[in-house]
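Asks: Sharing coords37.pdb, PDB, C-alpha atoms:
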```pdb
ATOM      1  CA  MET A   1       7.542 -33.271  -3.259
ATOM      2  CA  GLU A   2      10.742 -32.958  -1.327
ATOM      3  CA  LYS A   3      11.584 -35.185   1.591
ATOM      4  CA  GLN A   4      13.172 -33.588   4.649
ATOM      5  CA  SER A   5      13.955 -35.687   7.709
ATOM      6  CA  GLY A   6      11.127 -38.146   7.103
ATOM      7  CA  ILE A   7       8.486 -35.454   6.434
ATOM      8  CA  GLN A   8       7.229 -34.830   2.931
ATOM      9  CA  THR A   9       6.941 -31.155   2.056
ATOM     10  CA  LYS A  10       5.781 -29.584  -1.162
ATOM     11  CA  SER A  11       7.950 -26.818  -2.535
ATOM     12  CA  HIS A  12       6.172 -23.582  -3.360
ATOM     13  CA  ARG A  13       7.153 -21.551  -6.405
ATOM     14  CA  PHE A  14       5.781 -19.146  -9.000
ATOM     15  CA  ASP A  15       5.216 -21.467 -11.909
ATOM     16  CA  LEU A  16       2.498 -22.029 -14.487
ATOM     17  CA  GLU A  17       0.304 -23.868 -11.955
ATOM     18  CA  PHE A  18       0.375 -20.895  -9.579
ATOM     19  CA  PHE A  19      -0.733 -18.482 -12.287
ATOM     20  CA  LYS A  20      -3.515 -20.830 -13.452
ATOM     21  CA  ARG A  21      -4.892 -20.998  -9.930
ATOM     22  CA  PHE A  22      -4.465 -17.268  -9.422
ATOM     23  CA  PHE A  23      -6.435 -16.427 -12.572
ATOM     24  CA  ARG A  24      -9.172 -18.839 -11.479
ATOM     25  CA  LEU A  25      -9.486 -16.905  -8.202
ATOM     26  CA  LEU A  26      -9.624 -13.435  -9.811
ATOM     27  CA  PRO A  27     -13.326 -13.594 -10.790
ATOM     28  CA  TRP A  28     -14.158 -14.469  -7.199
ATOM     29  CA  LEU A  29     -12.040 -11.645  -5.779
ATOM     30  CA  PHE A  30     -13.144  -9.074  -8.368
ATOM     31  CA  PRO A  31     -16.606 -10.037  -9.685
ATOM     32  CA  SER A  32     -16.883  -7.039 -12.035
ATOM     33  CA  TRP A  33     -14.878  -3.950 -12.937
ATOM     34  CA  ILE A  34     -17.216  -1.674 -10.991
ATOM     35  CA  SER A  35     -17.634  -3.577  -7.755
ATOM     36  CA  LYS A  36     -16.726  -2.611  -4.208
ATOM     37  CA  PRO A  37     -13.702  -4.926  -3.952
ATOM     38  CA  VAL A  38     -12.213  -3.512  -7.179
ATOM     39  CA  LEU A  39     -12.811   0.083  -6.155
ATOM     40  CA  LEU A  40     -11.396  -0.550  -2.684
ATOM     41  CA  PHE A  41      -8.350  -2.291  -4.178
ATOM     42  CA  VAL A  42      -7.700   0.644  -6.532
ATOM     43  CA  LEU A  43      -8.194   3.148  -3.688
ATOM     44  CA  LEU A  44      -5.774   1.295  -1.400
ATOM     45  CA  LEU A  45      -3.234   0.923  -4.205
ATOM     46  CA  CYS A  46      -3.365   4.652  -5.026
ATOM     47  CA  LEU A  47      -3.158   5.612  -1.350
ATOM     48  CA  GLY A  48      -0.190   3.282  -0.867
ATOM     49  CA  LEU A  49       1.644   4.803  -3.840
ATOM     50  CA  LEU A  50       0.846   8.342  -2.681
ATOM     51  CA  GLU A  51       2.087   7.482   0.794
ATOM     52  CA  GLN A  52       5.384   6.177  -0.604
ATOM     53  CA  TYR A  53       5.840   9.356  -2.663
ATOM     54  CA  ILE A  54       5.223  11.541   0.404
ATOM     55  CA  ILE A  55       7.591   9.443   2.529
ATOM     56  CA  TYR A  56      10.286   9.785  -0.147
ATOM     57  CA  ASN A  57       9.900  13.572  -0.060
ATOM     58  CA  ILE A  58      10.010  13.561   3.748
ATOM     59  CA  GLY A  59      13.303  11.682   3.486
ATOM     60  CA  MET A  60      14.676  14.458   1.283
ATOM     61  CA  VAL A  61      13.873  17.184   3.854
ATOM     62  CA  PRO A  62      17.092  16.897   5.935
ATOM     63  CA  SER A  63      19.368  17.419   2.922
ATOM     64  CA  LYS A  64      17.384  20.503   1.948
ATOM     65  CA  TYR A  65      17.761  21.819   5.494
ATOM     66  CA  TYR A  66      21.535  21.332   5.309
ATOM     67  CA  LYS A  67      21.623  23.431   2.151
ATOM     68  CA  VAL A  68      19.446  26.198   3.637
ATOM     69  CA  LEU A  69      21.331  26.249   6.939
ATOM     70  CA  GLY A  70      24.693  26.214   5.144
ATOM     71  CA  ASN A  71      23.692  29.285   3.130
ATOM     72  CA  LYS A  72      22.269  30.959   6.287
ATOM     73  CA  ASP A  73      19.082  31.698   4.329
ATOM     74  CA  HIS A  74      16.474  32.815   6.886
ATOM     75  CA  ASP A  75      13.575  33.003   4.417
ATOM     76  CA  GLY A  76      14.571  29.673   2.883
ATOM     77  CA  PHE A  77      14.570  28.102   6.348
ATOM     78  CA  TRP A  78      10.952  29.126   6.990
ATOM     79  CA  LYS A  79       9.927  28.025   3.507
ATOM     80  CA  GLN A  80      11.567  24.632   4.055
ATOM     81  CA  THR A  81       9.923  24.364   7.484
ATOM     82  CA  ALA A  82       6.505  25.023   5.929
ATOM     83  CA  ILE A  83       7.160  22.361   3.280
ATOM     84  CA  ALA A  84       8.305  19.848   5.921
ATOM     85  CA  VAL A  85       5.273  20.470   8.138
ATOM     86  CA  SER A  86       2.894  20.167   5.167
ATOM     87  CA  LEU A  87       4.533  16.879   4.133
ATOM     88  CA  ILE A  88       4.226  15.477   7.647
ATOM     89  CA  VAL A  89       0.579  16.544   7.945
ATOM     90  CA  SER A  90      -0.226  15.092   4.509
ATOM     91  CA  GLU A  91       1.452  11.800   5.481
ATOM     92  CA  ALA A  92      -0.664  11.634   8.628
ATOM     93  CA  PHE A  93      -3.807  12.353   6.606
ATOM     94  CA  VAL A  94      -3.040   9.732   3.933
ATOM     95  CA  SER A  95      -2.139   7.150   6.584
ATOM     96  CA  ALA A  96      -5.395   7.787   8.431
ATOM     97  CA  ILE A  97      -7.445   7.349   5.248
ATOM     98  CA  TYR A  98      -5.450   4.245   4.311
ATOM     99  CA  ILE A  99      -5.985   2.638   7.719
ATOM    100  CA  ARG A 100      -9.676   3.577   7.786
ATOM    101  CA  HIS A 101     -10.400   1.966   4.430
ATOM    102  CA  LYS A 102      -8.142  -1.000   5.128
ATOM    103  CA  LYS A 103     -10.254  -1.804   8.210
ATOM    104  CA  LYS A 104     -13.300  -2.084   5.946
ATOM    105  CA  PHE A 105     -11.495  -4.784   3.998
ATOM    106  CA  PHE A 106      -9.999  -6.800   6.884
ATOM    107  CA  VAL A 107     -11.233  -7.737  10.332
ATOM    108  CA  SER A 108      -8.548  -9.372  12.486
ATOM    109  CA  GLY A 109      -6.516 -10.182   9.372
ATOM    110  CA  ILE A 110      -9.344 -12.153   7.733
ATOM    111  CA  PRO A 111     -10.778 -10.811   4.457
ATOM    112  CA  THR A 112     -14.453  -9.988   4.784
ATOM    113  CA  TYR A 113     -15.732 -10.072   1.219
ATOM    114  CA  PRO A 114     -19.389 -10.815   2.098
ATOM    115  CA  LYS A 115     -19.385  -7.766   4.401
ATOM    116  CA  LEU A 116     -18.095  -5.620   1.538
ATOM    117  CA  LEU A 117     -20.654  -6.890  -0.926
ATOM    118  CA  ALA A 118     -23.527  -6.322   1.493
ATOM    119  CA  GLY A 119     -22.871  -2.572   1.580
ATOM    120  CA  PRO A 120     -22.689  -0.068   4.449
TER     121      PRO A 120
END
```
Output the file's structure as structure tokens, nothing else.
Replies:
Amino acid sequence: MEKQSGIQTKSHRFDLEFFKRFFRLLPWLFPSWISKPVLLFVLLLCLGLLEQYIIYNIGMVPSKYYKVLGNKDHDGFWKQTAIAVSLIVSEAFVSAIYIRHKKKFFVSGIPTYPKLLAGP
């Protein structure tokens, strides 16, 4: 424990004790490999990774437009516009699914594991 201005505070760090406690909590969080919390966790992880990939590609759109506009390529412009619109629509779709399933897992920021285990 560290002492700061008369108040004792415990320092927090990622050490062996943290990992021991974390691995003790895992069976409670994920009771079996085919349970609702595990499947929801995998779904949210995959959706989060897909969302990051789409956002990366959306970030690359302006540089592709500069190239197309610099070459004065009319057909390339419409092709790039179609790609940009499809990326934006797919991002909206993935975000909507992500938020919808995330609401099943949290209510007001508090995990609701019993609600998940009870079913729909």
Asks: Given only C-alpha atoms as the basis, pick out the residue of A:Asp73, A:Pro27, A:Asn57, A:Val38 nearest to Val85 in chain A.
Replies: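 Smallest separation from Val85 in chain A among the options: A:Asn57.
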Asks: Need the shell around Phe77 in chain A: protein/DNA/RNA residues with any atom at most 10 Å away, counting all atoms listed in the file. Skip same-chain ones fewer than 4 positions apart. Format as a PyMOL selection string?
Replies: chain A and resi 64-69+71-73+81-83
Asks: Residues picked by the PyMOL selection byres ((chain A and resi 51) around 12) here, as a list in words?
Replies: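 After applying the PyMOL selection byres ((chain A and resi 51) around 12), what remains is Leu44, Leu45, Cys46, Leu47, Gly48, Leu49, Leu50, Gln52, Tyr53, Ile54, Ile55, Tyr56, Asn57, Ile58, Leu87, Ile88, Val89, Ser90, Glu91, Ala92, Phe93, Val94, Ser95, Ala96, Ile97, Tyr98 and Ile99 of chain A.
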Asks: Considering all atoms listed in the file, can you say which of A:Gly76, A:Pro62, A:Pro37, A:Pro31 comes closest to His101 in chain A?
Replies: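 Among A:Gly76, A:Pro62, A:Pro37, A:Pro31, it is A:Pro37 that comes nearest to His101 in chain A.
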Asks: Give me, please, the distance in Å between CA of Trp28 in chain A and CA of His12 in chain A, quoted to one decimal.
Replies: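 Straight-line distance from CA of Trp28 in chain A to CA of His12 in chain A works out to 22.6 Å.
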Asks: Between CA of Leu26 in chain A and CA of Leu40 in chain A, what is the distance in Å, rounded to a tenth?
Replies: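 Calculated distance between CA of Leu26 in chain A and CA of Leu40 in chain A is 14.8 Å.
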Asks: What gap, in Å, lies between CA of Val42 in chain A and CA of Arg24 in chain A?
Replies: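 The value is 20.2 Å.
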Asks: So which one's closest to Lys102 in chain A, A:Ile34, A:Leu43, A:Leu29, A:Leu16? Using all atoms listed in the file, please.
Replies: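 When distances to Lys102 in chain A are compared using all atoms listed in the file, the smallest one comes from A:Leu43.
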